[in-house]
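Trainee: First the structure, which I've put down as structure tokens, then a few questions once you've had a look.
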Protein chains: 2
Amino acid sequence: MKIRDNYTCPLELTQDLTKGKWKPIILWQLSKSSPLSPSDLEKSIKGINQKMLLEQMAELVEAGMINKKIYEGYPLRTEYYLTERGFKMLEAITIMQGIGVDLMKENGMENILKSGGFIE
Amino acid sequence: MKIRDNYTCPLELTQDLTKGKWKPIILWQLSKSSPLSPSDLEKSIKGINQKMLLEQMAELVEAGMINKKIYEGYPLRTEYYLTERGFKMLEAITIMQGIGVDLMKENGMENILKSGGFIE
DNA sequence: CCGTATCCGATCCGATACTG
DNA sequence: CAGTATCGGATCGGATACGG
């Protein structure tokens, strides 16, 4: 993750640190159940693969949104959990989740909401 | 803007509609002063160019976050303003702005905060 | 001044393979 | 199971030019 040297406003910085297809979803998942191992998360996030998950989590750690606890020995085990900053970011994500629900209701996508296919 | 057909959760939809380098900043600017013309916005957002601005605004209109009012006649004039949904989205953006300020303070980037270079 | 089209480099993301 | 490396296609974003 490259932090640019010139930001015109703080919002851009936060954006940079939380952008990408998966990061908000990872934070959302960790807010509901924590701590979680990478394999747990991979199961709970439909469509993600191991590479994307670990890559995005490493960036979230760098951004101070999540932390990990590593257990020595075999089988390997690591657990991730939200930091205080991560919880704050989650407030923003929660609002966006609400907007998404509204949008889906307005656009005949209730099937997704009810199917249980999504993570709530 | 292509809306995917399969979302695993509403958050992904909102993300799709508000992603990109400029959209949150456009909403932020419109929240402080509204309505604004494209040329006003272009002046107030450092680094953006006309193409990106109009392109991103068109997508925000499609997403129902902003609306525009077109005045007939010459010189051409159009004004953009936030919708109710846009204001809701702004709550999330405001939180992220706050996180960005914290991050900058922790990382010796106060110069950006104080320089007046950013839009507050 | 508002808006659209094109071109092209940078970045993202998914598949796959590999290590400890 | 956790994590890293590589590669290629898709997408994004900035420059530039053109039209209403």
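By convention here, the chains of the structure tokens are called A, B, ... in the order presented, each chain's residues are numbered starting at 1, and ligands are numbered starting at 1 in the order presented.
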Distance limit 10 Å, atoms considered: only C-alpha atoms. Which chain A residues sit that close to chain B? Return them as a PyMOL selection string.

Mentor: chain A and resi 5-22+24-25+28+45-47+63-64+85-86+88-104+109+112-113+115-120

Trainee: If you superpose chain A onto chain B over the full set of Cα atoms in sequence order, what number do you get for the RMSD in Å?

Mentor: 0.0 Å

Trainee: Excluding range 2-10 of chain D and residues on its chain fewer than 5 positions from it, collect all residues at most 12 Å away from it, counting only C-alpha atoms (C1' of nucleotides), and give them as a PDB file with N, CA and C atoms (P, O5', C5', C4', C3', O3' and C1' of nucleotides), in the first residue's frame.

Mentor:
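Okay, result-v2.pdb is ready:
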```
ATOM      1  N   SER A  37     -10.289 -16.339  12.110  1.00  0.00           N
ATOM      2  CA  SER A  37      -9.107 -16.772  11.354  1.00  0.00           C
ATOM      3  C   SER A  37      -9.344 -16.489   9.875  1.00  0.00           C
ATOM      4  N   PRO A  38      -8.280 -16.428   9.099  1.00  0.00           N
ATOM      5  CA  PRO A  38      -8.438 -16.245   7.654  1.00  0.00           C
ATOM      6  C   PRO A  38      -9.352 -17.293   7.029  1.00  0.00           C
ATOM      7  N   SER A  39      -9.236 -18.518   7.456  1.00  0.00           N
ATOM      8  CA  SER A  39     -10.079 -19.544   6.825  1.00  0.00           C
ATOM      9  C   SER A  39     -11.549 -19.343   7.168  1.00  0.00           C
ATOM     10  N   GLN A  50      -8.279 -16.827  -1.310  1.00  0.00           N
ATOM     11  CA  GLN A  50      -7.293 -16.674  -0.247  1.00  0.00           C
ATOM     12  C   GLN A  50      -6.335 -15.517  -0.497  1.00  0.00           C
ATOM     13  N   LYS A  51      -5.883 -15.402  -1.736  1.00  0.00           N
ATOM     14  CA  LYS A  51      -4.919 -14.348  -2.035  1.00  0.00           C
ATOM     15  C   LYS A  51      -5.494 -12.968  -1.759  1.00  0.00           C
ATOM     16  N   MET A  52      -6.686 -12.706  -2.257  1.00  0.00           N
ATOM     17  CA  MET A  52      -7.291 -11.397  -2.073  1.00  0.00           C
ATOM     18  C   MET A  52      -7.524 -11.123  -0.592  1.00  0.00           C
ATOM     19  N   LEU A  53      -8.000 -12.140   0.111  1.00  0.00           N
ATOM     20  CA  LEU A  53      -8.293 -11.959   1.527  1.00  0.00           C
ATOM     21  C   LEU A  53      -7.041 -11.571   2.301  1.00  0.00           C
ATOM     22  N   LEU A  54      -5.982 -12.320   2.148  1.00  0.00           N
ATOM     23  CA  LEU A  54      -4.768 -12.053   2.919  1.00  0.00           C
ATOM     24  C   LEU A  54      -4.120 -10.738   2.502  1.00  0.00           C
ATOM     25  N   GLU A  55      -4.182 -10.465   1.241  1.00  0.00           N
ATOM     26  CA  GLU A  55      -3.601  -9.220   0.741  1.00  0.00           C
ATOM     27  C   GLU A  55      -4.342  -8.003   1.322  1.00  0.00           C
ATOM     28  N   MET A  57      -6.254  -7.934   3.963  1.00  0.00           N
ATOM     29  CA  MET A  57      -6.120  -7.871   5.417  1.00  0.00           C
ATOM     30  C   MET A  57      -4.778  -7.275   5.807  1.00  0.00           C
ATOM     31  N   ALA A  58      -3.746  -7.627   5.075  1.00  0.00           N
ATOM     32  CA  ALA A  58      -2.435  -7.045   5.380  1.00  0.00           C
ATOM     33  C   ALA A  58      -2.492  -5.525   5.262  1.00  0.00           C
ATOM     34  N   LYS A  68      -3.731  -8.508  14.297  1.00  0.00           N
ATOM     35  CA  LYS A  68      -3.770  -9.965  14.310  1.00  0.00           C
ATOM     36  C   LYS A  68      -2.980 -10.509  15.477  1.00  0.00           C
ATOM     37  N   ILE A  70      -0.978 -13.937  16.490  1.00  0.00           N
ATOM     38  CA  ILE A  70      -0.423 -15.143  15.892  1.00  0.00           C
ATOM     39  C   ILE A  70      -0.142 -16.180  16.967  1.00  0.00           C
ATOM     40  N   TYR A  71      -0.623 -17.388  16.751  1.00  0.00           N
ATOM     41  CA  TYR A  71      -0.353 -18.483  17.674  1.00  0.00           C
ATOM     42  C   TYR A  71       0.755 -19.341  17.103  1.00  0.00           C
ATOM     43  N   GLU A  72       1.764 -19.591  17.905  1.00  0.00           N
ATOM     44  CA  GLU A  72       2.892 -20.398  17.438  1.00  0.00           C
ATOM     45  C   GLU A  72       2.477 -21.861  17.341  1.00  0.00           C
ATOM     46  N   GLY A  73       3.265 -22.620  16.612  1.00  0.00           N
ATOM     47  CA  GLY A  73       3.053 -24.055  16.537  1.00  0.00           C
ATOM     48  C   GLY A  73       2.139 -24.483  15.409  1.00  0.00           C
ATOM     49  N   TYR A  74       2.010 -25.792  15.263  1.00  0.00           N
ATOM     50  CA  TYR A  74       1.187 -26.348  14.200  1.00  0.00           C
ATOM     51  C   TYR A  74      -0.047 -27.000  14.789  1.00  0.00           C
ATOM     52  N   PRO A  75      -1.167 -26.939  14.042  1.00  0.00           N
ATOM     53  CA  PRO A  75      -1.333 -26.247  12.763  1.00  0.00           C
ATOM     54  C   PRO A  75      -1.261 -24.739  12.955  1.00  0.00           C
ATOM     55  N   LEU A  76      -0.821 -24.028  11.941  1.00  0.00           N
ATOM     56  CA  LEU A  76      -0.716 -22.571  12.028  1.00  0.00           C
ATOM     57  C   LEU A  76      -2.078 -21.974  12.336  1.00  0.00           C
ATOM     58  N   ARG A  77      -2.032 -20.922  13.150  1.00  0.00           N
ATOM     59  CA  ARG A  77      -3.303 -20.289  13.515  1.00  0.00           C
ATOM     60  C   ARG A  77      -3.074 -18.807  13.758  1.00  0.00           C
ATOM     61  N   THR A  78      -3.921 -18.008  13.189  1.00  0.00           N
ATOM     62  CA  THR A  78      -3.861 -16.560  13.360  1.00  0.00           C
ATOM     63  C   THR A  78      -5.280 -16.047  13.498  1.00  0.00           C
ATOM     64  N   GLU A  79      -5.440 -15.025  14.320  1.00  0.00           N
ATOM     65  CA  GLU A  79      -6.776 -14.454  14.475  1.00  0.00           C
ATOM     66  C   GLU A  79      -6.730 -12.946  14.273  1.00  0.00           C
TER      67      GLU A  79
ATOM     68  P    DT C  11       0.376   3.158 -10.428  1.00  0.00           P
ATOM     69  O5'  DT C  11      -0.925   2.292 -10.093  1.00  0.00           O
ATOM     70  C5'  DT C  11      -2.183   2.937 -10.049  1.00  0.00           C
ATOM     71  C4'  DT C  11      -3.293   1.920 -10.008  1.00  0.00           C
ATOM     72  C3'  DT C  11      -3.077   0.802  -8.971  1.00  0.00           C
ATOM     73  O3'  DT C  11      -4.095   0.915  -7.999  1.00  0.00           O
ATOM     74  C1'  DT C  11      -3.862  -0.045 -11.074  1.00  0.00           C
ATOM     75  P    DC C  12      -4.345  -0.176  -6.865  1.00  0.00           P
ATOM     76  O5'  DC C  12      -5.382  -1.170  -7.527  1.00  0.00           O
ATOM     77  C5'  DC C  12      -6.611  -0.645  -8.038  1.00  0.00           C
ATOM     78  C4'  DC C  12      -7.490  -1.778  -8.516  1.00  0.00           C
ATOM     79  C3'  DC C  12      -7.637  -2.931  -7.516  1.00  0.00           C
ATOM     80  O3'  DC C  12      -8.976  -3.373  -7.540  1.00  0.00           O
ATOM     81  C1'  DC C  12      -6.819  -3.750  -9.574  1.00  0.00           C
ATOM     82  P    DC C  13      -9.556  -4.209  -6.319  1.00  0.00           P
ATOM     83  O5'  DC C  13      -9.842  -5.647  -6.956  1.00  0.00           O
ATOM     84  C5'  DC C  13     -10.404  -5.738  -8.260  1.00  0.00           C
ATOM     85  C4'  DC C  13     -10.174  -7.125  -8.838  1.00  0.00           C
ATOM     86  C3'  DC C  13     -10.138  -8.263  -7.803  1.00  0.00           C
ATOM     87  O3'  DC C  13     -10.755  -9.381  -8.371  1.00  0.00           O
ATOM     88  C1'  DC C  13      -8.238  -8.356  -9.128  1.00  0.00           C
ATOM     89  P    DG C  14     -11.755 -10.286  -7.503  1.00  0.00           P
ATOM     90  O5'  DG C  14     -11.686 -11.695  -8.241  1.00  0.00           O
ATOM     91  C5'  DG C  14     -11.819 -11.754  -9.648  1.00  0.00           C
ATOM     92  C4'  DG C  14     -10.885 -12.805 -10.209  1.00  0.00           C
ATOM     93  C3'  DG C  14     -10.792 -14.082  -9.365  1.00  0.00           C
ATOM     94  O3'  DG C  14     -11.112 -15.193 -10.197  1.00  0.00           O
ATOM     95  C1'  DG C  14      -8.631 -13.278  -9.935  1.00  0.00           C
ATOM     96  P    DA C  15     -11.093 -16.699  -9.628  1.00  0.00           P
ATOM     97  O5'  DA C  15      -9.909 -17.405 -10.431  1.00  0.00           O
ATOM     98  C5'  DA C  15      -9.487 -16.906 -11.697  1.00  0.00           C
ATOM     99  C4'  DA C  15      -8.318 -17.757 -12.192  1.00  0.00           C
ATOM    100  C3'  DA C  15      -8.170 -19.117 -11.507  1.00  0.00           C
ATOM    101  O3'  DA C  15      -7.727 -20.097 -12.450  1.00  0.00           O
ATOM    102  C1'  DA C  15      -6.257 -17.783 -11.069  1.00  0.00           C
ATOM    103  P    DT C  16      -7.516 -21.609 -12.006  1.00  0.00           P
ATOM    104  O5'  DT C  16      -5.958 -21.769 -11.839  1.00  0.00           O
ATOM    105  C5'  DT C  16      -5.048 -21.005 -12.635  1.00  0.00           C
ATOM    106  C4'  DT C  16      -3.658 -21.098 -12.034  1.00  0.00           C
ATOM    107  C3'  DT C  16      -3.407 -22.380 -11.217  1.00  0.00           C
ATOM    108  O3'  DT C  16      -2.358 -23.122 -11.821  1.00  0.00           O
ATOM    109  C1'  DT C  16      -2.575 -20.449 -10.111  1.00  0.00           C
ATOM    110  P    DA C  17      -1.855 -24.585 -11.226  1.00  0.00           P
ATOM    111  O5'  DA C  17      -0.451 -24.182 -10.609  1.00  0.00           O
ATOM    112  C5'  DA C  17       0.337 -23.167 -11.230  1.00  0.00           C
ATOM    113  C4'  DA C  17       1.465 -22.758 -10.290  1.00  0.00           C
ATOM    114  C3'  DA C  17       2.011 -23.926  -9.445  1.00  0.00           C
ATOM    115  O3'  DA C  17       3.432 -23.885  -9.437  1.00  0.00           O
ATOM    116  C1'  DA C  17       1.406 -22.123  -8.059  1.00  0.00           C
ATOM    117  P    DC C  18       4.301 -25.130  -8.858  1.00  0.00           P
ATOM    118  O5'  DC C  18       4.973 -24.528  -7.545  1.00  0.00           O
ATOM    119  C5'  DC C  18       5.666 -23.278  -7.635  1.00  0.00           C
ATOM    120  C4'  DC C  18       5.890 -22.706  -6.245  1.00  0.00           C
ATOM    121  C3'  DC C  18       6.360 -23.733  -5.206  1.00  0.00           C
ATOM    122  O3'  DC C  18       7.664 -23.393  -4.753  1.00  0.00           O
ATOM    123  C1'  DC C  18       4.657 -22.310  -4.334  1.00  0.00           C
ATOM    124  P    DT C  19       8.494 -24.368  -3.714  1.00  0.00           P
ATOM    125  O5'  DT C  19       8.372 -23.598  -2.335  1.00  0.00           O
ATOM    126  C5'  DT C  19       8.868 -22.263  -2.207  1.00  0.00           C
ATOM    127  C4'  DT C  19       8.593 -21.758  -0.798  1.00  0.00           C
ATOM    128  C3'  DT C  19       9.061 -22.721   0.300  1.00  0.00           C
ATOM    129  O3'  DT C  19       9.891 -22.020   1.212  1.00  0.00           O
ATOM    130  C1'  DT C  19       6.813 -22.049   0.661  1.00  0.00           C
ATOM    131  P    DG C  20      10.731 -22.862   2.349  1.00  0.00           P
ATOM    132  O5'  DG C  20       9.854 -22.609   3.664  1.00  0.00           O
ATOM    133  C5'  DG C  20       9.629 -21.298   4.125  1.00  0.00           C
ATOM    134  C4'  DG C  20       8.766 -21.324   5.378  1.00  0.00           C
ATOM    135  C3'  DG C  20       9.170 -22.387   6.388  1.00  0.00           C
ATOM    136  O3'  DG C  20       8.970 -21.879   7.704  1.00  0.00           O
ATOM    137  C1'  DG C  20       6.928 -22.728   5.750  1.00  0.00           C
TER     138       DG C  20
END
```

Trainee: Kindly provide the residues of chain C that approach chain B to within 8 Å, each paired with its closest atom pair and their distance in Å to one decimal, based on only C-alpha atoms (C1' of nucleotides), listed by chain and increasing number, as JSON lines.

Mentor:
```
{"residue": "C:DC1", "atom": "C1'", "partner": "B:Leu76", "partner_atom": "CA", "distance": 5.4}
{"residue": "C:DC2", "atom": "C1'", "partner": "B:Leu76", "partner_atom": "CA", "distance": 6.4}
{"residue": "C:DG3", "atom": "C1'", "partner": "B:Leu54", "partner_atom": "CA", "distance": 7.4}
```

Trainee: Given the selection you just returned, output its residues as a file containing N, CA and C atoms (P, O5', C5', C4', C3', O3' and C1' of nucleotides), formatted as a PDB file, in the first residue's frame.

Mentor:
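The resulting file, result-v1.pdb, is shown below:
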```pdb
ATOM      1  P    DC C   1     -16.012  29.492 -18.178  1.00  0.00           P
ATOM      2  O5'  DC C   1     -17.380  28.859 -18.733  1.00  0.00           O
ATOM      3  C5'  DC C   1     -18.638  29.436 -18.368  1.00  0.00           C
ATOM      4  C4'  DC C   1     -19.690  28.377 -18.522  1.00  0.00           C
ATOM      5  C3'  DC C   1     -19.341  27.076 -17.799  1.00  0.00           C
ATOM      6  O3'  DC C   1     -20.504  26.554 -17.173  1.00  0.00           O
ATOM      7  C1'  DC C   1     -19.680  26.639 -20.089  1.00  0.00           C
ATOM      8  P    DC C   2     -20.534  25.129 -16.407  1.00  0.00           P
ATOM      9  O5'  DC C   2     -21.111  24.092 -17.480  1.00  0.00           O
ATOM     10  C5'  DC C   2     -22.469  24.190 -17.862  1.00  0.00           C
ATOM     11  C4'  DC C   2     -22.838  23.038 -18.770  1.00  0.00           C
ATOM     12  C3'  DC C   2     -22.579  21.637 -18.185  1.00  0.00           C
ATOM     13  O3'  DC C   2     -23.732  20.823 -18.391  1.00  0.00           O
ATOM     14  C1'  DC C   2     -21.501  21.869 -20.282  1.00  0.00           C
ATOM     15  P    DG C   3     -23.831  19.356 -17.742  1.00  0.00           P
ATOM     16  O5'  DG C   3     -23.207  18.461 -18.881  1.00  0.00           O
ATOM     17  C5'  DG C   3     -23.900  18.352 -20.103  1.00  0.00           C
ATOM     18  C4'  DG C   3     -23.036  17.615 -21.115  1.00  0.00           C
ATOM     19  C3'  DG C   3     -22.547  16.236 -20.658  1.00  0.00           C
ATOM     20  O3'  DG C   3     -23.291  15.256 -21.376  1.00  0.00           O
ATOM     21  C1'  DG C   3     -20.928  17.439 -21.918  1.00  0.00           C
TER      22       DG C   3
END
```

Trainee: Among chain B, which residues carry a DSSP assignment of strand (DSSP E or B), reported as a short mmCIF file (atom, residue, chain, number, x, y, z; two decimals) with N, CA, C and O atoms, in the first residue's frame?

Mentor:
```cif
data_model
loop_
_atom_site.label_atom_id
_atom_site.label_comp_id
_atom_site.auth_asym_id
_atom_site.auth_seq_id
_atom_site.Cartn_x
_atom_site.Cartn_y
_atom_site.Cartn_z
N LEU B 36 -24.12 23.90 -6.75
CA LEU B 36 -22.88 24.34 -7.37
C LEU B 36 -22.87 23.95 -8.85
O LEU B 36 -23.39 22.91 -9.24
N ILE B 66 -27.08 12.64 -6.11
CA ILE B 66 -27.21 14.07 -6.41
C ILE B 66 -28.21 14.23 -7.56
O ILE B 66 -28.57 13.27 -8.23
N ASN B 67 -28.66 15.46 -7.75
CA ASN B 67 -29.52 15.80 -8.87
C ASN B 67 -28.99 17.05 -9.52
O ASN B 67 -28.19 17.77 -8.93
N LYS B 68 -29.47 17.31 -10.73
CA LYS B 68 -29.04 18.54 -11.37
C LYS B 68 -30.24 19.31 -11.90
O LYS B 68 -31.28 18.73 -12.24
N LYS B 69 -30.07 20.61 -11.94
CA LYS B 69 -31.09 21.48 -12.50
C LYS B 69 -30.46 22.21 -13.67
O LYS B 69 -29.43 22.85 -13.52
N ILE B 70 -31.08 22.06 -14.81
CA ILE B 70 -30.52 22.64 -16.03
C ILE B 70 -31.25 23.92 -16.39
O ILE B 70 -32.48 23.94 -16.43
N TYR B 71 -30.49 24.98 -16.61
CA TYR B 71 -31.08 26.24 -17.04
C TYR B 71 -30.91 26.36 -18.54
O TYR B 71 -29.80 26.23 -19.07
N ARG B 77 -25.80 26.66 -18.28
CA ARG B 77 -25.67 26.67 -16.83
C ARG B 77 -26.40 25.46 -16.25
O ARG B 77 -27.54 25.17 -16.63
N THR B 78 -25.76 24.81 -15.35
CA THR B 78 -26.34 23.65 -14.67
C THR B 78 -25.91 23.70 -13.21
O THR B 78 -24.80 24.11 -12.91
N GLU B 79 -26.81 23.29 -12.34
CA GLU B 79 -26.44 23.27 -10.92
C GLU B 79 -26.73 21.90 -10.32
O GLU B 79 -27.75 21.29 -10.61
N TYR B 80 -25.81 21.48 -9.48
CA TYR B 80 -25.95 20.18 -8.84
C TYR B 80 -26.18 20.35 -7.34
O TYR B 80 -25.65 21.29 -6.73
N TYR B 81 -26.94 19.43 -6.77
CA TYR B 81 -27.20 19.48 -5.33
C TYR B 81 -27.43 18.06 -4.80
O TYR B 81 -27.78 17.15 -5.56
N LEU B 82 -27.23 17.88 -3.52
CA LEU B 82 -27.39 16.57 -2.90
C LEU B 82 -28.86 16.18 -2.78
O LEU B 82 -29.71 17.01 -2.49
#
```

Trainee: Given a cut-off of 9 Å, which residues of chain D touch chain B, counting only C-alpha atoms (C1' of nucleotides), written out as a ChimeraX atom specification?

Mentor: /D:12-14

Trainee: Suppose we keep all heavy atoms; can you now write the selection as a short mmCIF file (atom, residue, chain, number, x, y, z; two decimals), in the first residue's frame?

Mentor:
```cif
data_model
loop_
_atom_site.label_atom_id
_atom_site.label_comp_id
_atom_site.auth_asym_id
_atom_site.auth_seq_id
_atom_site.Cartn_x
_atom_site.Cartn_y
_atom_site.Cartn_z
P DC D 12 -14.29 0.46 -13.25
OP1 DC D 12 -15.02 0.57 -11.97
OP2 DC D 12 -14.95 0.78 -14.52
"O5'" DC D 12 -12.96 1.35 -13.11
"C5'" DC D 12 -12.05 1.02 -12.06
"C4'" DC D 12 -10.93 2.04 -12.02
"O4'" DC D 12 -10.04 1.84 -13.13
"C3'" DC D 12 -11.40 3.50 -12.10
"O3'" DC D 12 -10.66 4.27 -11.17
"C2'" DC D 12 -11.09 3.87 -13.54
"C1'" DC D 12 -9.85 3.04 -13.82
N1 DC D 12 -9.61 2.68 -15.24
C2 DC D 12 -8.34 2.86 -15.80
O2 DC D 12 -7.44 3.35 -15.11
N3 DC D 12 -8.13 2.50 -17.09
C4 DC D 12 -9.12 1.98 -17.81
N4 DC D 12 -8.87 1.63 -19.07
C5 DC D 12 -10.42 1.77 -17.26
C6 DC D 12 -10.62 2.14 -15.98
P DG D 13 -11.16 5.74 -10.75
OP1 DG D 13 -11.46 5.75 -9.32
OP2 DG D 13 -12.19 6.14 -11.74
"O5'" DG D 13 -9.87 6.65 -10.99
"C5'" DG D 13 -8.65 6.06 -11.43
"C4'" DG D 13 -7.78 7.05 -12.17
"O4'" DG D 13 -7.67 6.63 -13.55
"C3'" DG D 13 -8.26 8.50 -12.24
"O3'" DG D 13 -7.10 9.32 -12.32
"C2'" DG D 13 -9.05 8.52 -13.53
"C1'" DG D 13 -8.18 7.63 -14.40
N9 DG D 13 -8.85 6.94 -15.49
C8 DG D 13 -10.17 6.56 -15.56
N7 DG D 13 -10.46 5.94 -16.69
C5 DG D 13 -9.26 5.93 -17.40
C6 DG D 13 -8.96 5.42 -18.67
O6 DG D 13 -9.72 4.84 -19.47
N1 DG D 13 -7.63 5.61 -19.01
C2 DG D 13 -6.70 6.23 -18.20
N2 DG D 13 -5.46 6.33 -18.68
N3 DG D 13 -6.98 6.72 -16.99
C4 DG D 13 -8.27 6.54 -16.66
P DG D 14 -7.14 10.86 -11.87
OP1 DG D 14 -6.43 10.96 -10.58
OP2 DG D 14 -8.54 11.30 -11.99
"O5'" DG D 14 -6.27 11.64 -12.97
"C5'" DG D 14 -4.96 11.17 -13.31
"C4'" DG D 14 -4.62 11.57 -14.72
"O4'" DG D 14 -5.31 10.71 -15.66
"C3'" DG D 14 -4.99 13.01 -15.10
"O3'" DG D 14 -3.87 13.62 -15.72
"C2'" DG D 14 -6.16 12.84 -16.06
"C1'" DG D 14 -5.84 11.50 -16.70
N9 DG D 14 -6.99 10.78 -17.25
C8 DG D 14 -8.20 10.59 -16.65
N7 DG D 14 -9.03 9.89 -17.39
C5 DG D 14 -8.31 9.62 -18.55
C6 DG D 14 -8.67 8.89 -19.71
O6 DG D 14 -9.75 8.33 -19.97
N1 DG D 14 -7.64 8.84 -20.63
C2 DG D 14 -6.41 9.42 -20.46
N2 DG D 14 -5.54 9.27 -21.45
N3 DG D 14 -6.05 10.09 -19.38
C4 DG D 14 -7.05 10.16 -18.47
#
```

Trainee: Skip DT6 in chain C itself and residues of its chain fewer than 5 positions away, then list as a list of chain:residue names all residues within 12 Å of it, counting only C-alpha atoms (C1' of nucleotides).

Mentor: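 Residues near the query, excluding close chain neighbours: D:DA15, D:DT16, D:DA17, D:DC18.
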
Trainee: For the helix (DSSP H, G or I) assignment from backbone DSSP, which residues of range 49-92 of chain A qualify? Please present them as a VMD selection string.

Mentor: chain A and resid 50 to 62 84 to 92

Trainee: Between CA of Ile26 in chain B and CA of Glu62 in chain A, what is the distance, to one decimal in Å?

Mentor: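 Going from CA of Ile26 in chain B over to CA of Glu62 in chain A covers 27.1 Å.
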